[in-house]
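Trainee: Sharing a structure below in structure tokens format, with a few things to ask.
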Amino acid sequence: MTAEAQSRPVLTARQLRLLMFGLMTGMLLAALDQTIVGTALPTIVGQLGGINHYSWVVTAYLLASTASTPLYGKMADLYGRRPVFLFSIGTFLLGSLLAGLSQNMTQLILTRGVQGLGAGGLMTLAFTIISDVVSPRERGRYQGLFGAVFGLSSVAGPLVGGYFAETNWRWIFYINVPLAILAIVVCYHVMRLVPFQRREHTIDWIGAGLLVAGVSCLLLALSWGGTSYAWRSGVIIGLFAAGAVLAALFLLQESRVAEPILPLRLFRGATFALANAAGFVLGLVMFGSIIFIPLYLQIVKGSSPTRSGLLMLPMMAGIIVTSILTGQAMSRIGRYKWCPVAGTVVLVAGMLLFTRLAVDTSLWLAFGYMVVIGVGLGLCMQSLILAVQNGVALRDLGAATSSATFFRSLGGSFGVAILGAVLSSQLTGQLADRLPGAIAQLPPDQRAAVAARGGTNISINEPSTILALPGPVRAAVQAAFVDSLHLVFLTAGLVAIVAVLVTLALPNEKLRGAGPQGATGGADPLGGKAPAPGGKPLTKESKDEAAADMQAKSQTML
């Protein structure tokens with residue numbers, strides 16, 4: 001038995017299920033919030049006012065969650081998983097409660113930042129904690145279930161958000177409170193059996209500050225570029241330059257300190273470096289292209305925001321089923337390389353299929369394209385995180401897992417900005433070519449009505465306005481939008497080829513730990529000596545006491 005296997009605490013099947021329930025509930029909070037708020041946001045802004053600050057409701061959450069993700073990983077390595085994870089859930093709970101009580105847009109933006117600060121740790125720490133108690137060989141079976149959480153939130157979010165938008169929008173935040181309390185209660189008790197020995201350390205506050213400031217500059221530049229400011233404006237160029245300088249200072253600082261926030265030595269490992277690079281490209285392709293599919297369903301097919309969320313179900317089904325099956329396959333095979341390779345190849349095929357979309361494409365054919373993309377993402381998402389975790393020592397699991405989440409989120413931010421710019425540029429030319437002729441076909445009264453609405457200055461961010469346009473103008477806008485999407489998905493497909501090449505370069509390493517029928521790692525009965533991750537063994541008395549207490553609480557909670 002390896003030293004790593006000996007240092008991993010052993011939980012019973014009941015305790016492991018209860019731990020998974022708590023972690024998945026915590027992940028659901030963060031995943032659900034991203035989809036539920038987007039659906040209800042127009043209603044919220046309409047009631048609170050402040051349309052000029054509309055984008056900041058999303059930007060504040062994105063900034064706080066992305067910038068804090070690497071910090072959570074390092075803090076969990078230094079102080080232990082339980083206090084940091086409970087702090088993350090508690091912060092998210094507080095932010096949700098305050099967001100529901102907001103009386104104006106300023107309060108809502110600030111409280112969304114608090115929510116994002118908590119959300120930054122929910123996802124990355126869930127992957128880290130399960131890696132503490134399950135060997136890499138068996139971990140895929142459990143992490144595959146986390147993919148199901150994302151699928152569930154993608155379907156439930158628009159439905160719940162649409163319902164509360166029509167009744168009381170404040171409940172889109174209040175609904176997080178009972179879920180957060182449940183996750184806190186479960187994780188507080190179960191994670192007592194995940195021991196941790198605190199080691200001597202010094203916190204790199206300078207590095208943390210440089211990281212947060214640098215990431216904030218980059219995200220603000222990507223969020224504002226092409227919308228609030230022109231890409232060539234002094235503000236955007238200045239933000240990119242500041243982000244680059246701060247990133248260079250951060251790397252210099254990390255190379256000098258004893259306890260870096262993101263240990264640079266980890267990048268010397270080929271698996272760690274390549275898996276994070278693939279995660280960045282995957283995030284760019286995934287977030288940068290998929291956000292346009294609901295717009296297609298709303299602008300071209302006339303679906304409401306709520307119904308367009310439901311129509312994404314085929315893609316989510318592909319992600320959920322494939323994530324679970326991929327996790328089980330990796331556990332049985334004992335290797336991970338060919339899962340992300342196959343996933344990126346399927347993802348390229350899915351992106352190229354979407355270049356065949358037309359205004360009159362049937363929904364069933366579009367569903368087929370969605371399934372292909374869902375299968376590709378399901379093969380990649382968990383396997384890349386598992387590759388990162390398998391390539392580092394236990395003491396670096398928190399920092400390594402948070403880096404995987406961080407680079408994927410950062411790639412998503414770049415993808416939204418880059419592919420959004422591609423769509424905007426292409427759409428401007430398409431509308432300029434098509435709209436004058438379409439408007440000229442209208443009777444004088446309808447022509448005047450279209451001119452009063454802005455004439456050729458039509459925004460795709462308002463699908464209901466587009467659907468209310470006269471027939472020839474609406475058809476011209478829909479055709480221009482679909483033709484512009486072709487270039488977006490073609491660009492995403494070409495970028496995804498880079499992910500194929502990166503994953504092909506991944507070492508074909510064996511997953512550490514025994515297989516599903518092995519004796520190490522996983523839900524074996526509690527017994528024998530299970531040393532803590534710091535190397536100090538648990539005493540029989542302390543373990544027996546904790547186990548007895550956990551069994552009693554498990555009966556009540558279940």
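Chains: A, B, ... in order of the structure tokens. Residues: from 1 per chain. Ligands: from 1, in order shown.
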At a cut-off of 12 Å, using only C-alpha atoms, what residues contact Thr405 (chain A)? Leave out same-chain residues fewer than 3 positions from it and give the result as number ranges by chain.
Mentor: A: 65-73, 119-128, 275-280, 282-283, 381-382, 384-386, 388-389, 398-402, 408-412
Trainee: Give me the residues within 10 Å of Ser464 (chain A) as a list in words, counting only C-alpha atoms and dropping any in the same chain fewer than 3 places off.
Mentor: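 Using only C-alpha atoms, the neighbours found are Gln298, Ile299, Gly302, Ser303, Ser304, Pro305, Ile460, Asn461, Leu467, Ala468 and Leu469 of chain A.
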Trainee: Keeping only C-alpha atoms, write the selected residues as a PDB file, in the first residue's frame.
Mentor:
ATOM      1  CA  GLN A 298     -35.214  32.860 -28.820  1.00  0.00           C
ATOM      2  CA  ILE A 299     -34.511  34.994 -31.913  1.00  0.00           C
ATOM      3  CA  GLY A 302     -39.412  32.379 -30.961  1.00  0.00           C
ATOM      4  CA  SER A 303     -38.883  30.638 -27.611  1.00  0.00           C
ATOM      5  CA  SER A 304     -39.187  32.474 -24.313  1.00  0.00           C
ATOM      6  CA  PRO A 305     -36.117  32.617 -22.038  1.00  0.00           C
ATOM      7  CA  ILE A 460     -29.934  40.981 -30.567  1.00  0.00           C
ATOM      8  CA  ASN A 461     -30.053  41.254 -26.776  1.00  0.00           C
ATOM      9  CA  LEU A 467     -39.992  39.027 -32.940  1.00  0.00           C
ATOM     10  CA  ALA A 468     -42.348  42.045 -32.920  1.00  0.00           C
ATOM     11  CA  LEU A 469     -40.814  43.503 -36.104  1.00  0.00           C
TER      12      LEU A 469
END
Trainee: Point out the residue among A:Tyr336, A:Phe85, A:Trp169, A:Tyr142 with the least atom-to-atom distance to Gly46 (chain A), counting only C-alpha atoms.
Mentor: A:Trp169
Trainee: Give me, as an NGL selection string, all polymer residues having an atom no more than 8 Å from Gly95 (chain A), counting only C-alpha atoms and skipping those fewer than 4 positions away in the same chain.
Mentor: :A and (91 or 99 or 111-115 or 118)
Trainee: Quick one: everything within 12 Å of Ala156 (chain A), counting only C-alpha atoms, minus sequence neighbours fewer than 3 positions away in the same chain. Send it as number ranges by chain.
Mentor: A: 28-29, 31-37, 39, 149-153, 159-163, 172, 306-313, 316
Trainee: So, with only C-alpha atoms as the atoms that count, which of A:Pro136, A:Gly243, A:Gly157, A:Gly234 lies closest to Gly327 (chain A)?
Mentor: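 The answer is A:Pro136, which sits nearest to Gly327 (chain A).
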Trainee: Please identify which residues in region 326-364 of chain A DSSP calls helix (DSSP H, G or I) from the backbone, and express them as a VMD selection string.
Mentor: chain A and resid 326 to 333 338 to 354 363 to 364
Trainee: Output the selection as a PDB file, in the first residue's frame - N, CA and C atoms for each residue.
Mentor:
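File produced: again-v2.pdb:
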ATOM      1  N   THR A 326     -18.227   8.292 -18.145  1.00  0.00           N
ATOM      2  CA  THR A 326     -16.787   8.519 -18.258  1.00  0.00           C
ATOM      3  C   THR A 326     -16.093   8.266 -16.936  1.00  0.00           C
ATOM      4  N   GLY A 327     -16.717   8.736 -15.841  1.00  0.00           N
ATOM      5  CA  GLY A 327     -16.135   8.500 -14.518  1.00  0.00           C
ATOM      6  C   GLY A 327     -16.017   7.021 -14.206  1.00  0.00           C
ATOM      7  N   GLN A 328     -17.055   6.272 -14.513  1.00  0.00           N
ATOM      8  CA  GLN A 328     -17.015   4.829 -14.267  1.00  0.00           C
ATOM      9  C   GLN A 328     -15.975   4.145 -15.150  1.00  0.00           C
ATOM     10  N   ALA A 329     -15.874   4.593 -16.400  1.00  0.00           N
ATOM     11  CA  ALA A 329     -14.902   3.984 -17.315  1.00  0.00           C
ATOM     12  C   ALA A 329     -13.471   4.243 -16.855  1.00  0.00           C
ATOM     13  N   MET A 330     -13.188   5.451 -16.419  1.00  0.00           N
ATOM     14  CA  MET A 330     -11.835   5.760 -15.953  1.00  0.00           C
ATOM     15  C   MET A 330     -11.475   4.940 -14.714  1.00  0.00           C
ATOM     16  N   SER A 331     -12.459   4.708 -13.840  1.00  0.00           N
ATOM     17  CA  SER A 331     -12.194   3.898 -12.656  1.00  0.00           C
ATOM     18  C   SER A 331     -11.850   2.465 -13.031  1.00  0.00           C
ATOM     19  N   ARG A 332     -12.514   1.930 -14.043  1.00  0.00           N
ATOM     20  CA  ARG A 332     -12.261   0.545 -14.446  1.00  0.00           C
ATOM     21  C   ARG A 332     -10.970   0.410 -15.255  1.00  0.00           C
ATOM     22  N   ILE A 333     -10.746   1.352 -16.161  1.00  0.00           N
ATOM     23  CA  ILE A 333      -9.566   1.261 -17.023  1.00  0.00           C
ATOM     24  C   ILE A 333      -8.301   1.643 -16.262  1.00  0.00           C
ATOM     25  N   TRP A 338      -7.344   9.183 -22.855  1.00  0.00           N
ATOM     26  CA  TRP A 338      -8.133   9.117 -24.081  1.00  0.00           C
ATOM     27  C   TRP A 338      -9.549   9.646 -23.910  1.00  0.00           C
ATOM     28  N   CYS A 339      -9.979   9.881 -22.685  1.00  0.00           N
ATOM     29  CA  CYS A 339     -11.298  10.512 -22.480  1.00  0.00           C
ATOM     30  C   CYS A 339     -11.296  11.967 -22.938  1.00  0.00           C
ATOM     31  N   PRO A 340     -10.356  12.821 -22.472  1.00  0.00           N
ATOM     32  CA  PRO A 340     -10.343  14.189 -22.997  1.00  0.00           C
ATOM     33  C   PRO A 340      -9.982  14.272 -24.473  1.00  0.00           C
ATOM     34  N   VAL A 341      -9.163  13.335 -24.965  1.00  0.00           N
ATOM     35  CA  VAL A 341      -8.847  13.341 -26.399  1.00  0.00           C
ATOM     36  C   VAL A 341     -10.118  13.100 -27.210  1.00  0.00           C
ATOM     37  N   ALA A 342     -10.859  12.051 -26.835  1.00  0.00           N
ATOM     38  CA  ALA A 342     -12.112  11.761 -27.541  1.00  0.00           C
ATOM     39  C   ALA A 342     -13.108  12.902 -27.372  1.00  0.00           C
ATOM     40  N   GLY A 343     -13.153  13.482 -26.167  1.00  0.00           N
ATOM     41  CA  GLY A 343     -14.099  14.567 -25.917  1.00  0.00           C
ATOM     42  C   GLY A 343     -13.835  15.791 -26.764  1.00  0.00           C
ATOM     43  N   THR A 344     -12.577  16.172 -26.902  1.00  0.00           N
ATOM     44  CA  THR A 344     -12.271  17.352 -27.714  1.00  0.00           C
ATOM     45  C   THR A 344     -12.537  17.097 -29.195  1.00  0.00           C
ATOM     46  N   VAL A 345     -12.294  15.865 -29.655  1.00  0.00           N
ATOM     47  CA  VAL A 345     -12.604  15.536 -31.054  1.00  0.00           C
ATOM     48  C   VAL A 345     -14.110  15.629 -31.297  1.00  0.00           C
ATOM     49  N   VAL A 346     -14.904  15.081 -30.375  1.00  0.00           N
ATOM     50  CA  VAL A 346     -16.364  15.167 -30.497  1.00  0.00           C
ATOM     51  C   VAL A 346     -16.816  16.622 -30.425  1.00  0.00           C
ATOM     52  N   LEU A 347     -16.154  17.416 -29.580  1.00  0.00           N
ATOM     53  CA  LEU A 347     -16.516  18.830 -29.448  1.00  0.00           C
ATOM     54  C   LEU A 347     -16.248  19.585 -30.748  1.00  0.00           C
ATOM     55  N   VAL A 348     -15.139  19.291 -31.403  1.00  0.00           N
ATOM     56  CA  VAL A 348     -14.857  19.904 -32.707  1.00  0.00           C
ATOM     57  C   VAL A 348     -15.966  19.550 -33.697  1.00  0.00           C
ATOM     58  N   ALA A 349     -16.362  18.271 -33.711  1.00  0.00           N
ATOM     59  CA  ALA A 349     -17.439  17.845 -34.619  1.00  0.00           C
ATOM     60  C   ALA A 349     -18.736  18.579 -34.298  1.00  0.00           C
ATOM     61  N   GLY A 350     -19.054  18.747 -33.018  1.00  0.00           N
ATOM     62  CA  GLY A 350     -20.276  19.449 -32.646  1.00  0.00           C
ATOM     63  C   GLY A 350     -20.262  20.894 -33.083  1.00  0.00           C
ATOM     64  N   MET A 351     -19.124  21.578 -32.911  1.00  0.00           N
ATOM     65  CA  MET A 351     -19.032  22.976 -33.335  1.00  0.00           C
ATOM     66  C   MET A 351     -19.208  23.102 -34.851  1.00  0.00           C
ATOM     67  N   LEU A 352     -18.607  22.195 -35.594  1.00  0.00           N
ATOM     68  CA  LEU A 352     -18.734  22.252 -37.053  1.00  0.00           C
ATOM     69  C   LEU A 352     -20.159  21.928 -37.500  1.00  0.00           C
ATOM     70  N   LEU A 353     -20.845  21.033 -36.763  1.00  0.00           N
ATOM     71  CA  LEU A 353     -22.249  20.761 -37.093  1.00  0.00           C
ATOM     72  C   LEU A 353     -23.103  22.003 -36.925  1.00  0.00           C
ATOM     73  N   PHE A 354     -22.796  22.818 -35.909  1.00  0.00           N
ATOM     74  CA  PHE A 354     -23.583  24.032 -35.679  1.00  0.00           C
ATOM     75  C   PHE A 354     -23.370  25.085 -36.760  1.00  0.00           C
ATOM     76  N   LEU A 363     -36.071  21.734 -34.999  1.00  0.00           N
ATOM     77  CA  LEU A 363     -35.593  21.652 -33.622  1.00  0.00           C
ATOM     78  C   LEU A 363     -34.959  20.292 -33.336  1.00  0.00           C
ATOM     79  N   TRP A 364     -35.503  19.238 -33.943  1.00  0.00           N
ATOM     80  CA  TRP A 364     -34.977  17.904 -33.684  1.00  0.00           C
ATOM     81  C   TRP A 364     -33.543  17.765 -34.196  1.00  0.00           C
TER      82      TRP A 364
END
Trainee: List the spatial neighbours of region 448-450 of chain A as a VMD selection string - criterion: any atom at most 12 Å away, only C-alpha atoms, same-chain residues fewer than 6 positions off excluded.
Mentor: chain A and resid 435 to 436 438 to 442 456 to 458 465 to 466 468 to 474
Trainee: Keeping only all heavy atoms, write those residues as a tab-separated table (two decimals), in the first residue's frame.
Mentor:
chain	number	residue	atom	x	y	z
A	435	LEU	N	-30.80	44.79	-44.09
A	435	LEU	CA	-31.91	45.57	-43.56
A	435	LEU	C	-32.45	46.65	-44.50
A	435	LEU	O	-33.68	46.82	-44.59
A	435	LEU	CB	-31.51	46.21	-42.22
A	435	LEU	CG	-31.60	45.29	-41.00
A	435	LEU	CD1	-31.21	46.03	-39.74
A	435	LEU	CD2	-33.02	44.74	-40.85
A	436	PRO	N	-31.60	47.42	-45.18
A	436	PRO	CA	-32.17	48.47	-46.05
A	436	PRO	C	-33.17	47.92	-47.07
A	436	PRO	O	-34.24	48.51	-47.28
A	436	PRO	CB	-30.93	49.06	-46.73
A	436	PRO	CG	-29.82	48.83	-45.76
A	436	PRO	CD	-30.12	47.49	-45.15
A	438	ALA	N	-34.92	45.12	-46.81
A	438	ALA	CA	-36.11	44.63	-46.11
A	438	ALA	C	-37.01	45.77	-45.69
A	438	ALA	O	-38.25	45.68	-45.80
A	438	ALA	CB	-35.68	43.81	-44.89
A	439	ILE	N	-36.43	46.86	-45.21
A	439	ILE	CA	-37.24	48.02	-44.79
A	439	ILE	C	-37.92	48.67	-45.98
A	439	ILE	O	-39.06	49.15	-45.89
A	439	ILE	CB	-36.35	49.04	-44.04
A	439	ILE	CG1	-35.85	48.42	-42.72
A	439	ILE	CG2	-37.09	50.33	-43.76
A	439	ILE	CD1	-34.86	49.29	-41.96
A	440	ALA	N	-37.23	48.66	-47.11
A	440	ALA	CA	-37.82	49.27	-48.31
A	440	ALA	C	-39.07	48.54	-48.78
A	440	ALA	O	-39.91	49.13	-49.49
A	440	ALA	CB	-36.77	49.29	-49.43
A	441	GLN	N	-39.27	47.29	-48.40
A	441	GLN	CA	-40.45	46.53	-48.81
A	441	GLN	C	-41.69	46.88	-47.99
A	441	GLN	O	-42.81	46.50	-48.36
A	441	GLN	CB	-40.18	45.03	-48.66
A	441	GLN	CG	-39.02	44.50	-49.49
A	441	GLN	CD	-38.76	43.03	-49.22
A	441	GLN	OE1	-39.65	42.28	-48.82
A	441	GLN	NE2	-37.52	42.59	-49.44
A	442	LEU	N	-41.51	47.61	-46.89
A	442	LEU	CA	-42.63	47.87	-45.98
A	442	LEU	C	-43.48	49.04	-46.45
A	442	LEU	O	-42.99	49.95	-47.13
A	442	LEU	CB	-42.08	48.18	-44.57
A	442	LEU	CG	-41.22	47.11	-43.90
A	442	LEU	CD1	-40.71	47.62	-42.56
A	442	LEU	CD2	-42.03	45.84	-43.71
A	456	THR	N	-31.99	50.61	-38.50
A	456	THR	CA	-31.04	49.50	-38.68
A	456	THR	C	-30.25	49.19	-37.41
A	456	THR	O	-29.50	48.22	-37.38
A	456	THR	CB	-30.06	49.83	-39.82
A	456	THR	OG1	-29.39	51.06	-39.51
A	456	THR	CG2	-30.79	49.98	-41.15
A	457	ASN	N	-30.41	50.01	-36.38
A	457	ASN	CA	-29.70	49.76	-35.11
A	457	ASN	C	-30.53	48.83	-34.24
A	457	ASN	O	-31.22	49.26	-33.31
A	457	ASN	CB	-29.44	51.09	-34.38
A	457	ASN	CG	-28.52	52.00	-35.15
A	457	ASN	OD1	-27.55	51.53	-35.76
A	457	ASN	ND2	-28.82	53.29	-35.16
A	458	ILE	N	-30.48	47.55	-34.54
A	458	ILE	CA	-31.27	46.55	-33.81
A	458	ILE	C	-30.34	45.72	-32.94
A	458	ILE	O	-29.30	45.24	-33.39
A	458	ILE	CB	-32.02	45.64	-34.81
A	458	ILE	CG1	-33.03	46.47	-35.60
A	458	ILE	CG2	-32.72	44.50	-34.08
A	458	ILE	CD1	-33.74	45.69	-36.69
A	465	THR	N	-38.21	42.13	-28.95
A	465	THR	CA	-38.33	43.26	-29.87
A	465	THR	C	-38.15	42.81	-31.31
A	465	THR	O	-38.88	43.27	-32.22
A	465	THR	CB	-37.26	44.32	-29.53
A	465	THR	OG1	-37.44	44.75	-28.18
A	465	THR	CG2	-37.39	45.53	-30.45
A	466	ILE	N	-37.23	41.90	-31.54
A	466	ILE	CA	-37.01	41.39	-32.90
A	466	ILE	C	-38.23	40.62	-33.40
A	466	ILE	O	-38.65	40.78	-34.55
A	466	ILE	CB	-35.76	40.48	-32.91
A	466	ILE	CG1	-34.51	41.30	-32.59
A	466	ILE	CG2	-35.61	39.77	-34.25
A	466	ILE	CD1	-33.25	40.48	-32.47
A	468	ALA	N	-41.22	41.13	-32.69
A	468	ALA	CA	-42.35	42.05	-32.92
A	468	ALA	C	-42.18	42.87	-34.19
A	468	ALA	O	-43.09	43.62	-34.56
A	468	ALA	CB	-42.50	42.97	-31.71
A	469	LEU	N	-41.06	42.74	-34.88
A	469	LEU	CA	-40.81	43.50	-36.10
A	469	LEU	C	-41.68	42.98	-37.25
A	469	LEU	O	-42.12	41.82	-37.24
A	469	LEU	CB	-39.34	43.40	-36.49
A	469	LEU	CG	-38.33	44.09	-35.57
A	469	LEU	CD1	-36.90	43.68	-35.97
A	469	LEU	CD2	-38.48	45.60	-35.64
A	470	PRO	N	-41.94	43.80	-38.25
A	470	PRO	CA	-42.67	43.32	-39.44
A	470	PRO	C	-41.93	42.16	-40.10
A	470	PRO	O	-40.71	42.03	-40.00
A	470	PRO	CB	-42.68	44.56	-40.34
A	470	PRO	CG	-42.53	45.72	-39.42
A	470	PRO	CD	-41.65	45.25	-38.30
A	471	GLY	N	-42.70	41.30	-40.78
A	471	GLY	CA	-42.17	40.07	-41.34
A	471	GLY	C	-40.88	40.19	-42.12
A	471	GLY	O	-39.90	39.48	-41.81
A	472	PRO	N	-40.78	41.05	-43.14
A	472	PRO	CA	-39.54	41.12	-43.93
A	472	PRO	C	-38.34	41.54	-43.10
A	472	PRO	O	-37.23	41.01	-43.29
A	472	PRO	CB	-39.88	42.18	-45.00
A	472	PRO	CG	-41.36	42.16	-45.10
A	472	PRO	CD	-41.86	41.86	-43.71
A	473	VAL	N	-38.55	42.49	-42.19
A	473	VAL	CA	-37.43	42.95	-41.36
A	473	VAL	C	-37.00	41.85	-40.38
A	473	VAL	O	-35.82	41.60	-40.18
A	473	VAL	CB	-37.81	44.23	-40.59
A	473	VAL	CG1	-36.65	44.68	-39.69
A	473	VAL	CG2	-38.18	45.34	-41.57
A	474	ARG	N	-37.98	41.18	-39.78
A	474	ARG	CA	-37.68	40.09	-38.85
A	474	ARG	C	-36.91	38.98	-39.55
A	474	ARG	O	-35.92	38.46	-39.02
A	474	ARG	CB	-38.97	39.54	-38.25
A	474	ARG	CG	-38.72	38.43	-37.23
A	474	ARG	CD	-40.00	37.97	-36.57
A	474	ARG	NE	-40.91	37.33	-37.52
A	474	ARG	CZ	-42.07	37.82	-37.94
A	474	ARG	NH1	-42.49	38.99	-37.48
A	474	ARG	NH2	-42.82	37.18	-38.81
Trainee: Measuring atom to atom with only C-alpha atoms, identify which of A:Glu138, A:Ile181, A:Ala165, A:Leu145 is nearest to Leu86 (chain A).
Mentor: A:Ile181
Trainee: Given only C-alpha atoms as the basis, pick out the residue of A:Phe21, A:Leu377, A:Ser233, A:Leu94 nearest to Phe287 (chain A).
Mentor: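 Smallest separation from Phe287 (chain A) among the options: A:Leu377.
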Trainee: As an exercise, work out the distance from CA of Ala270 (chain A) to CA of Ala505 (chain A) in Å and give it to one decimal place.
Mentor: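 That distance, rounded to one decimal, is 8.8 Å.
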Trainee: When you draw a straight line from CA of Arg141 (chain A) to CA of Arg335 (chain A), how long is it in Å?
Mentor: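 Pair CA of Arg141 (chain A) / CA of Arg335 (chain A) returns 12.9 Å.
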Trainee: A:Leu397, A:Ile129, A:Val245, A:Ala404: which is nearest Gln143 (chain A), counting only C-alpha atoms?
Mentor: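 Of the candidates, the smallest distance to Gln143 (chain A) is held by A:Ile129.
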Trainee: Provide the CA of Leu252 (chain A) to CA of Gly238 (chain A) distance in Å, to one decimal place.
Mentor: 21.1 Å
